[in-house]
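Have a look at work_32.cif below; it lists mmCIF, C-alpha atoms.
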data_run
loop_
_atom_site.label_atom_id
_atom_site.label_comp_id
_atom_site.auth_asym_id
_atom_site.auth_seq_id
_atom_site.Cartn_x
_atom_site.Cartn_y
_atom_site.Cartn_z
CA MET A 7 -16.66 5.32 11.47
CA LYS A 8 -19.43 5.18 14.09
CA PRO A 9 -18.43 3.99 17.55
CA SER A 10 -19.41 0.40 18.26
CA ASN A 11 -20.92 -1.07 21.39
CA ASN A 12 -19.03 -4.29 20.64
CA PRO A 13 -15.95 -4.43 22.90
CA HIS A 14 -14.21 -6.71 20.38
CA LYS A 15 -11.93 -5.05 17.87
CA GLN A 16 -12.65 -5.50 14.21
CA ILE A 17 -10.58 -7.71 11.94
CA THR A 18 -9.70 -6.57 8.42
CA THR A 19 -10.09 -9.46 6.01
CA LYS A 20 -9.55 -7.42 2.86
CA GLN A 21 -6.17 -5.76 3.31
CA HIS A 22 -5.35 -2.97 0.88
CA ILE A 23 -1.88 -3.12 -0.63
CA CYS A 24 -1.82 0.45 -1.88
CA PRO A 25 -3.30 3.01 0.56
CA LYS A 26 -7.04 3.47 0.08
CA SER A 27 -6.50 7.23 0.15
CA VAL A 28 -4.40 6.90 -3.02
CA LEU A 29 -6.80 4.49 -4.73
CA ARG A 30 -9.75 6.83 -4.13
CA ARG A 31 -8.07 9.58 -6.12
CA PHE A 32 -7.98 7.31 -9.16
CA MET A 33 -11.75 6.78 -9.00
CA SER A 34 -14.31 8.25 -11.37
CA ASN A 35 -18.00 7.82 -10.62
CA GLY A 36 -17.12 5.42 -7.81
CA LYS A 37 -14.97 3.08 -9.92
CA ILE A 38 -11.34 2.71 -10.99
CA GLN A 39 -10.55 1.77 -14.57
CA VAL A 40 -8.23 -1.25 -14.44
CA LEU A 41 -6.29 -2.88 -17.25
CA ASN A 42 -5.33 -6.49 -16.54
CA VAL A 43 -1.89 -6.65 -18.15
CA LYS A 44 -2.01 -10.45 -18.42
CA THR A 45 -5.32 -10.67 -20.27
CA GLY A 46 -5.70 -7.20 -21.75
CA VAL A 47 -9.19 -6.95 -20.26
CA VAL A 48 -10.31 -3.54 -18.95
CA GLU A 49 -12.73 -3.45 -16.01
CA TYR A 50 -14.26 -0.81 -13.74
CA LEU A 51 -13.66 -1.87 -10.16
CA GLY A 52 -14.35 -0.69 -6.62
CA LEU A 53 -11.82 -0.15 -3.84
CA ASP A 54 -12.23 -3.65 -2.42
CA ALA A 55 -11.77 -5.52 -5.70
CA ASP A 56 -9.26 -8.38 -5.71
CA PRO A 57 -6.48 -6.59 -7.64
CA PHE A 58 -6.17 -4.07 -4.80
CA ILE A 59 -6.26 -6.34 -1.78
CA ALA A 60 -4.71 -9.30 0.00
CA HIS A 61 -6.88 -11.76 1.91
CA ARG A 62 -5.33 -11.76 5.40
CA ALA A 63 -1.76 -12.12 4.15
CA TRP A 64 -0.50 -10.41 7.32
CA ASP A 65 -1.76 -10.11 10.89
CA GLN A 66 -4.09 -7.42 12.18
CA TYR A 67 -1.32 -5.60 14.03
CA SER A 68 0.52 -5.15 10.73
CA GLU A 69 -2.70 -3.81 9.23
CA HIS A 70 -3.76 -1.31 11.88
CA GLY A 71 -1.04 -1.34 14.55
CA GLU A 72 0.15 2.00 15.89
CA LYS A 73 3.21 2.38 13.67
CA TYR A 74 1.46 1.34 10.46
CA ALA A 75 -1.58 3.53 11.12
CA ARG A 76 0.71 6.48 11.89
CA ILE A 77 2.63 6.05 8.62
CA GLU A 78 -0.55 6.01 6.54
CA ARG A 79 -2.06 8.93 8.47
CA GLN A 80 1.02 11.14 8.18
CA PHE A 81 1.49 10.25 4.51
CA GLY A 82 -2.15 11.14 3.88
CA ILE A 83 -1.67 14.56 5.47
CA ILE A 84 1.38 15.27 3.28
CA ALA A 85 -0.42 14.11 0.13
CA ASP A 86 -3.49 16.26 0.90
CA LYS A 87 -1.32 19.35 1.41
CA ILE A 88 0.46 18.72 -1.90
CA LEU A 89 -2.83 18.31 -3.76
CA LYS A 90 -4.25 21.48 -2.19
CA GLY A 91 -1.14 23.45 -3.14
CA LYS A 92 -0.15 24.06 0.47
CA VAL A 93 3.20 22.31 0.07
CA LYS A 94 5.60 23.14 -2.74
CA THR A 95 8.80 21.88 -1.12
CA LEU A 96 8.98 18.97 1.31
CA GLU A 97 10.42 19.39 4.79
CA PRO A 98 13.07 16.88 6.02
CA LEU A 99 10.56 14.90 8.13
CA ALA A 100 8.22 14.53 5.15
CA HIS A 101 10.93 12.71 3.18
CA SER A 102 11.26 10.02 5.87
CA ILE A 103 7.47 9.62 6.14
CA ILE A 104 7.18 9.14 2.37
CA SER A 105 10.04 6.62 2.44
CA SER A 106 8.23 4.67 5.17
CA MET A 107 4.98 4.65 3.18
CA TYR A 108 6.79 3.61 0.02
CA GLY A 109 8.56 0.84 1.92
CA LEU A 110 5.28 -0.39 3.40
CA TRP A 111 3.68 -0.42 -0.04
CA ARG A 112 6.58 -2.43 -1.47
CA ILE A 113 6.52 -4.90 1.44
CA ARG A 114 2.77 -5.40 1.11
CA GLN A 115 3.19 -6.00 -2.62
CA HIS A 116 5.71 -8.74 -1.91
CA ARG A 117 3.73 -10.38 0.87
CA ALA A 118 0.48 -10.33 -1.12
CA ALA A 119 2.25 -12.08 -4.00
CA ASN A 120 4.15 -14.45 -1.69
CA PRO A 121 1.97 -15.34 1.30
CA ILE A 122 3.66 -17.32 4.06
CA PRO A 123 2.06 -20.79 4.45
CA ASP A 124 0.80 -22.04 7.77
CA LYS A 125 3.52 -23.81 9.76
CA PHE A 126 2.87 -27.00 11.76
CA VAL A 127 4.54 -26.96 15.18
CA GLY A 128 2.56 -29.61 17.11
CA CYS A 129 -0.89 -30.41 18.37
CA PRO A 130 -2.10 -27.81 20.90
CA GLU A 131 -2.96 -28.92 24.43
CA ARG A 132 -6.15 -26.94 24.27
CA SER A 133 -8.02 -25.31 21.43
CA VAL A 134 -8.59 -21.60 21.06
CA SER A 135 -11.61 -20.17 19.29
CA ASN A 136 -11.18 -18.29 16.03
CA GLU A 137 -12.61 -15.21 17.71
CA THR A 138 -9.96 -15.35 20.46
CA MET A 139 -7.24 -15.82 17.86
CA ASP A 140 -8.53 -12.82 15.91
CA GLN A 141 -8.57 -10.56 18.96
CA GLY A 142 -5.06 -11.63 19.90
CA GLU A 143 -3.80 -10.52 16.50
CA HIS A 144 -4.34 -6.89 17.47
CA TYR A 145 -1.59 -7.36 20.07
CA ARG A 146 0.65 -9.61 17.96
CA ILE A 147 -0.20 -12.68 20.02
CA ILE A 148 0.67 -15.81 18.04
CA THR A 149 -1.76 -18.68 18.56
CA LEU A 150 -1.93 -22.19 17.13
CA ASN A 151 -4.98 -23.13 15.13
CA PRO A 152 -6.84 -26.40 15.87
CA ASN A 153 -4.53 -28.22 13.42
CA GLY A 154 -1.46 -27.29 15.43
CA GLU A 155 -0.31 -24.71 12.89
CA ILE A 156 0.80 -21.13 13.24
CA PRO A 157 -1.20 -19.22 10.61
CA GLY A 158 1.05 -17.77 7.95
CA ARG A 159 -0.31 -14.27 8.50
CA MET A 160 0.98 -14.37 12.10
CA LEU A 161 4.43 -15.29 10.85
CA ALA A 162 4.24 -12.56 8.23
CA GLY A 163 3.66 -9.79 10.77
CA PRO A 164 7.05 -9.88 12.56
CA GLN A 165 8.82 -10.42 9.23
CA MET A 166 7.12 -7.34 7.78
CA GLN A 167 8.23 -5.26 10.75
CA LEU A 168 11.85 -6.32 10.24
CA ASP A 169 11.57 -5.68 6.50
CA LEU A 170 10.16 -2.20 7.10
CA GLU A 171 12.90 -1.29 9.57
CA ARG A 172 15.54 -2.44 7.09
CA PHE A 173 13.84 -0.56 4.28
CA GLU A 174 13.70 2.64 6.35
CA ASP A 175 17.42 2.35 7.09
CA GLU A 176 18.20 1.91 3.40
CA MET A 177 16.01 4.89 2.44
CA THR A 178 17.39 7.28 5.08
CA ASP A 179 19.08 9.57 2.58
CA LYS A 180 16.34 9.54 -0.04
CA ARG A 181 14.82 12.87 -0.98
CA TRP A 182 11.53 12.91 -2.83
CA GLY A 183 10.58 15.28 -5.61
CA ILE A 184 7.01 16.42 -6.20
CA ILE A 185 6.15 15.73 -9.84
CA HIS A 186 3.05 17.36 -11.34
CA ALA A 187 1.59 16.22 -14.65
CA SER A 188 0.97 19.42 -16.60
CA GLN A 189 -0.46 17.39 -19.50
CA GLY A 190 -2.08 13.96 -19.44
CA GLU A 191 -2.45 11.82 -16.32
CA PHE A 192 -0.32 9.34 -14.43
CA VAL A 193 -1.28 5.67 -14.30
CA LEU A 194 -1.16 3.55 -11.13
CA PRO A 195 0.55 0.13 -11.51
CA ASN A 196 0.51 -2.58 -8.88
CA SER A 197 4.30 -2.14 -8.80
CA PHE A 198 7.00 0.06 -10.30
CA GLY A 199 9.53 -2.73 -9.92
CA PRO A 200 12.93 -1.35 -8.86
CA TYR A 201 11.96 2.30 -9.33
CA ASN A 202 11.38 4.46 -6.24
CA ILE A 203 8.08 6.04 -7.25
CA MET A 204 5.20 6.72 -4.83
CA PRO A 205 1.94 7.70 -6.57
CA ILE A 206 -0.43 10.24 -5.04
CA SER A 207 -3.04 10.93 -7.71
CA PRO A 208 -3.51 11.06 -11.48
CA GLN A 209 -1.82 14.49 -11.45
CA TYR A 210 0.84 14.06 -8.77
CA SER A 211 3.53 11.54 -7.98
CA LEU A 212 6.62 11.44 -5.77
CA ILE A 213 9.92 10.25 -7.21
CA ALA A 214 13.05 9.65 -5.16
CA ASN A 215 16.16 11.70 -5.92
CA GLU A 216 14.34 13.95 -8.37
CA GLU A 217 13.81 17.70 -8.14
CA ASN A 218 10.30 19.11 -7.98
CA ALA A 219 9.09 19.44 -11.55
CA GLU A 220 6.25 20.04 -13.96
CA ALA A 221 6.04 16.92 -16.12
CA THR A 222 5.54 17.59 -19.82
CA LEU A 223 3.51 15.28 -22.04
CA GLU A 224 6.75 13.55 -22.99
CA SER A 225 7.68 13.06 -19.33
CA VAL A 226 4.23 11.73 -18.43
CA THR A 227 4.47 9.32 -21.34
CA HIS A 228 7.86 8.10 -20.09
CA TYR A 229 6.45 7.70 -16.55
CA ASN A 230 3.50 5.64 -17.78
CA THR A 231 5.71 3.55 -20.06
CA THR A 232 7.92 2.76 -17.05
CA ALA A 233 4.83 1.70 -15.11
CA LYS A 234 3.65 -0.48 -18.01
CA GLU A 235 7.05 -2.17 -18.35
CA ASN A 236 7.35 -2.97 -14.64
CA THR A 237 3.85 -3.81 -13.48
CA THR A 238 3.02 -7.47 -13.00
CA LEU A 239 -0.75 -7.43 -12.58
CA PHE A 240 -2.56 -4.25 -13.55
CA LEU A 241 -2.55 -0.63 -14.56
CA ALA A 242 -5.20 1.50 -12.88
CA ALA A 243 -6.35 4.95 -13.90
CA ARG A 244 -9.13 7.44 -13.60
CA ASP A 245 -9.30 7.30 -17.39
CA LEU A 246 -6.77 5.25 -19.36
CA ALA A 247 -7.46 7.37 -22.43
CA ARG A 248 -5.87 10.32 -20.60
CA CYS A 249 -2.70 8.34 -19.82
CA PRO A 250 -0.18 8.66 -22.68
CA GLY A 251 2.16 5.71 -23.10
CA ILE A 252 -0.44 3.06 -22.25
#

Let's see the structure in the file written out as C-alpha cells.
Amino acid sequence: MKPSNNPHKQITTKQHICPKSVLRRFMSNGKIQVLNVKTGVVEYLGLDADPFIAHRAWDQYSEHGEKYARIERQFGIIADKILKGKVKTLEPLAHSIISSMYGLWRIRQHRAANPIPDKFVGCPERSVSNETMDQGEHYRIITLNPNGEIPGRMLAGPQMQLDLERFEDEMTDKRWGIIHASQGEFVLPNSFGPYNIMPISPQYSLIANEENAEATLESVTHYNTTAKENTTLFLAARDLARCPGI
C-alpha cells in the first residue's frame, strides 16, 4: 500500500470473514469458483464478492486493531512457511496462533450471519459527523449517530473481543496437525460447523488434535464431504472438479 498524504485513517467497509491470504490461494486466473449450496449455482468471484465479506458488521478496531492485525500477520507467516516446505512440525507458539486465527474466523462467521442491530439510547446533545465517528472507530470510541443510536458494529467490537478471549482460553490445549492433500484438492466452505479445521490452501489444511499426515484420495473425499455437510452458504475452490466428494 502506498503511503497517503491524508492524515485520516481508512475505514474498511468490506470486511473479509476468512483471511484474504487464504482466499487468494483458492484463486485461479483472478477468480474463485464458488458453489452456492442453497441454489446450486456456480459462479467465478473476486475476493470482495458478497459471499466472502460482511458490510461493516464490526467496528474498525476489530478489523485492523493491533491484536487482530497481529493474529492475521503471524498466521500468514506460519501458512507461508508450511506451503514453502520450511515447516514440517509446528512449534508450541504456532499452535496458539492458529487457534487464535481459527477463533477469529469462527467469530466473524457468526457476527456476519448475526449482525447486532443499532441500539437507541437517547437523542444526542450535539451531532457528530460520520467522518468523526469513523475515525473514532479506530480507537474503539463509541459514538451516537444522529438518531440517538449506537451503531451495531460498535457494540459488536467489544463483544468480539470477549468472544475471542474466551475462545483462546478454550483452545489452549489444542494441537494442530498439518494435513497435505496428496491427491485431489481441498474445498473451502464458509464454515466447518463444529469441526476445528483451519484451511490454508487447496493442498494444505490444519486440523486440531490430528497428527501431521498425507491425505489420500479417500481422506480428501471425507474432508470435502464434511465441508459440504456443514457449510451454510457456499463451497469455494480453485477448481471444483479437482475436489472429490463435492

Could you state which residues are captured by the PyMOL selection byres ((chain A and resi 156) around 6) in this file, as an mmCIF file with C-alpha atoms, keeping the file's coordinate frame?
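Okay, this is what ended up in result-v5.cif:
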data_model
loop_
_atom_site.group_PDB
_atom_site.id
_atom_site.type_symbol
_atom_site.label_atom_id
_atom_site.label_comp_id
_atom_site.auth_asym_id
_atom_site.auth_seq_id
_atom_site.Cartn_x
_atom_site.Cartn_y
_atom_site.Cartn_z
ATOM 1 C CA ASP A 124 0.800 -22.040 7.770
ATOM 2 C CA LYS A 125 3.520 -23.810 9.760
ATOM 3 C CA LEU A 150 -1.930 -22.190 17.130
ATOM 4 C CA GLU A 155 -0.310 -24.710 12.890
ATOM 5 C CA PRO A 157 -1.200 -19.220 10.610
#

(message) Can you translate the PyMOL selection byres ((chain A and resi 220) around 6) into the concrete residues it hits in this file, as number ranges by chain?
(response) A: 185-186, 188, 219, 221

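Of the residues under consideration (A:Thr231, A:Gln21, A:Gln16, A:Asn215), A:Gln16 shows the shortest atom-to-atom contact distance to A:Asp140 when counting all atoms listed in the file.
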
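The space between atom CA of A:Ile148 and atom CA of A:Tyr108 spans 27.2 Å.
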
(request) Go through the shown structure with the PyMOL selection byres ((chain A and resi 145) around 12) and write out the matching residues as a ChimeraX atom specification. (result) /A:15,65-72,138-144,146-149,160,163-164

Could you please take those selected residues and save C-alpha atoms as a PDB file, keeping the file's coordinate frame?
ATOM      1  CA  LYS A  15     -11.930  -5.050  17.870  1.00  0.00           C
ATOM      2  CA  ASP A  65      -1.760 -10.110  10.890  1.00  0.00           C
ATOM      3  CA  GLN A  66      -4.090  -7.420  12.180  1.00  0.00           C
ATOM      4  CA  TYR A  67      -1.320  -5.600  14.030  1.00  0.00           C
ATOM      5  CA  SER A  68       0.520  -5.150  10.730  1.00  0.00           C
ATOM      6  CA  GLU A  69      -2.700  -3.810   9.230  1.00  0.00           C
ATOM      7  CA  HIS A  70      -3.760  -1.310  11.880  1.00  0.00           C
ATOM      8  CA  GLY A  71      -1.040  -1.340  14.550  1.00  0.00           C
ATOM      9  CA  GLU A  72       0.150   2.000  15.890  1.00  0.00           C
ATOM     10  CA  THR A 138      -9.960 -15.350  20.460  1.00  0.00           C
ATOM     11  CA  MET A 139      -7.240 -15.820  17.860  1.00  0.00           C
ATOM     12  CA  ASP A 140      -8.530 -12.820  15.910  1.00  0.00           C
ATOM     13  CA  GLN A 141      -8.570 -10.560  18.960  1.00  0.00           C
ATOM     14  CA  GLY A 142      -5.060 -11.630  19.900  1.00  0.00           C
ATOM     15  CA  GLU A 143      -3.800 -10.520  16.500  1.00  0.00           C
ATOM     16  CA  HIS A 144      -4.340  -6.890  17.470  1.00  0.00           C
ATOM     17  CA  ARG A 146       0.650  -9.610  17.960  1.00  0.00           C
ATOM     18  CA  ILE A 147      -0.200 -12.680  20.020  1.00  0.00           C
ATOM     19  CA  ILE A 148       0.670 -15.810  18.040  1.00  0.00           C
ATOM     20  CA  THR A 149      -1.760 -18.680  18.560  1.00  0.00           C
ATOM     21  CA  MET A 160       0.980 -14.370  12.100  1.00  0.00           C
ATOM     22  CA  GLY A 163       3.660  -9.790  10.770  1.00  0.00           C
ATOM     23  CA  PRO A 164       7.050  -9.880  12.560  1.00  0.00           C
TER      24      PRO A 164
END

Produce a table with one row for each residue of stretch 71-127 of chain A that has an atom at most 12 Å from any atom of stretch 179-183 of chain A, each row naming the nearest atom pair and its distance in Å at one decimal; use all atoms listed in the file; arrange rows by chain and rising residue number; format as CSV.
residue,atom,partner,partner_atom,distance
A:Ile88,CA,A:Gly183,CA,11.3
A:Val93,CA,A:Gly183,CA,11.7
A:Lys94,CA,A:Gly183,CA,9.7
A:Thr95,CA,A:Gly183,CA,8.2
A:Leu96,CA,A:Trp182,CA,7.8
A:Glu97,CA,A:Arg181,CA,9.8
A:Pro98,CA,A:Arg181,CA,8.3
A:Leu99,CA,A:Arg181,CA,10.3
A:Ala100,CA,A:Trp182,CA,8.8
A:His101,CA,A:Arg181,CA,5.7
A:Ser102,CA,A:Lys180,CA,7.8
A:Ile103,CA,A:Trp182,CA,10.4
A:Ile104,CA,A:Trp182,CA,7.8
A:Ser105,CA,A:Lys180,CA,7.4
A:Ser106,CA,A:Lys180,CA,10.8
A:Tyr108,CA,A:Trp182,CA,10.8
A:Gly109,CA,A:Lys180,CA,11.8

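Going from atom CA of A:Val47 over to atom CA of A:Ile213, you cover 28.8 Å.
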
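Atom CA of A:Pro152 is positioned 9.2 Å from atom CA of A:Asn136.
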
(request) Tell me which of A:Thr19, A:Asn236, A:Gln189, A:Gln115 sits closest to A:Leu223, counting only C-alpha atoms. (result) A:Gln189

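Nearest to A:Ile59 of all the residues A:Cys24, A:Ala75, A:Ala243, A:Leu29 is A:Cys24, counting all atoms listed in the file.
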
Selection: 12 Å around A:Ser27, all atoms listed in the file, excl. self and same-chain fewer than 3 positions, as a PDB file with C-alpha atoms, keeping the file's coordinate frame:
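Now in selection03.pdb:
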ATOM      1  CA  HIS A  22      -5.350  -2.970   0.880  1.00  0.00           C
ATOM      2  CA  ILE A  23      -1.880  -3.120  -0.630  1.00  0.00           C
ATOM      3  CA  CYS A  24      -1.820   0.450  -1.880  1.00  0.00           C
ATOM      4  CA  ARG A  30      -9.750   6.830  -4.130  1.00  0.00           C
ATOM      5  CA  ARG A  31      -8.070   9.580  -6.120  1.00  0.00           C
ATOM      6  CA  PHE A  32      -7.980   7.310  -9.160  1.00  0.00           C
ATOM      7  CA  MET A  33     -11.750   6.780  -9.000  1.00  0.00           C
ATOM      8  CA  LEU A  53     -11.820  -0.150  -3.840  1.00  0.00           C
ATOM      9  CA  GLU A  78      -0.550   6.010   6.540  1.00  0.00           C
ATOM     10  CA  ARG A  79      -2.060   8.930   8.470  1.00  0.00           C
ATOM     11  CA  GLN A  80       1.020  11.140   8.180  1.00  0.00           C
ATOM     12  CA  PHE A  81       1.490  10.250   4.510  1.00  0.00           C
ATOM     13  CA  GLY A  82      -2.150  11.140   3.880  1.00  0.00           C
ATOM     14  CA  ILE A  83      -1.670  14.560   5.470  1.00  0.00           C
ATOM     15  CA  ILE A  84       1.380  15.270   3.280  1.00  0.00           C
ATOM     16  CA  ALA A  85      -0.420  14.110   0.130  1.00  0.00           C
ATOM     17  CA  ASP A  86      -3.490  16.260   0.900  1.00  0.00           C
ATOM     18  CA  PRO A 205       1.940   7.700  -6.570  1.00  0.00           C
ATOM     19  CA  ILE A 206      -0.430  10.240  -5.040  1.00  0.00           C
ATOM     20  CA  SER A 207      -3.040  10.930  -7.710  1.00  0.00           C
TER      21      SER A 207
END

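Of the listed residues A:Ala187, A:Val127, A:Ala233, A:Val226, the one whose atoms come nearest to A:Pro200 is A:Ala233, with distances taken using all atoms listed in the file.
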
(request) Would you mind listing what lies within 8 Å of A:Tyr50 as a PyMOL selection string, with all atoms listed in the file counted and same-chain residues fewer than 4 positions away left out? (result) chain A and resi 37-40

(message) I'd like the neighbourhood of A:Phe240 as a list in words, where a residue qualifies if any of its atoms comes within 9 Å (using all atoms listed in the file), though same-chain residues fewer than 2 positions away should be ignored.
(response) Val40, Leu41, Asn42, Val43, Lys44, Pro57, Leu194, Pro195, Asn196, Ser197, Lys234, Thr237, Thr238 and Ala242 of chain A

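Between A:Ala118 and the residues A:Arg172, A:Lys87, A:Lys73, A:Lys20, the shortest atom-to-atom distance, using all atoms listed in the file, involves A:Lys20.
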
(request) Identify which of the residues A:Phe58, A:Trp111, A:Phe192, A:Trp64 lies closest to A:Ala247, counting all atoms listed in the file when measuring atom-to-atom distances. (result) A:Phe192

(message) So that I can check the surroundings of A:Gly154, please list as a PyMOL selection string every protein, DNA and RNA residue that reaches within 8 Å of it, counting all atoms listed in the file and ignoring chain neighbours fewer than 6 positions away.
(response) chain A and resi 126-130

The selected residues should be written to file as a PDB file, in the coordinates of the input (atoms: C-alpha atoms).
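The result, stored in result11.pdb:
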ATOM      1  CA  PHE A 126       2.870 -27.000  11.760  1.00  0.00           C
ATOM      2  CA  VAL A 127       4.540 -26.960  15.180  1.00  0.00           C
ATOM      3  CA  GLY A 128       2.560 -29.610  17.110  1.00  0.00           C
ATOM      4  CA  CYS A 129      -0.890 -30.410  18.370  1.00  0.00           C
ATOM      5  CA  PRO A 130      -2.100 -27.810  20.900  1.00  0.00           C
TER       6      PRO A 130
END
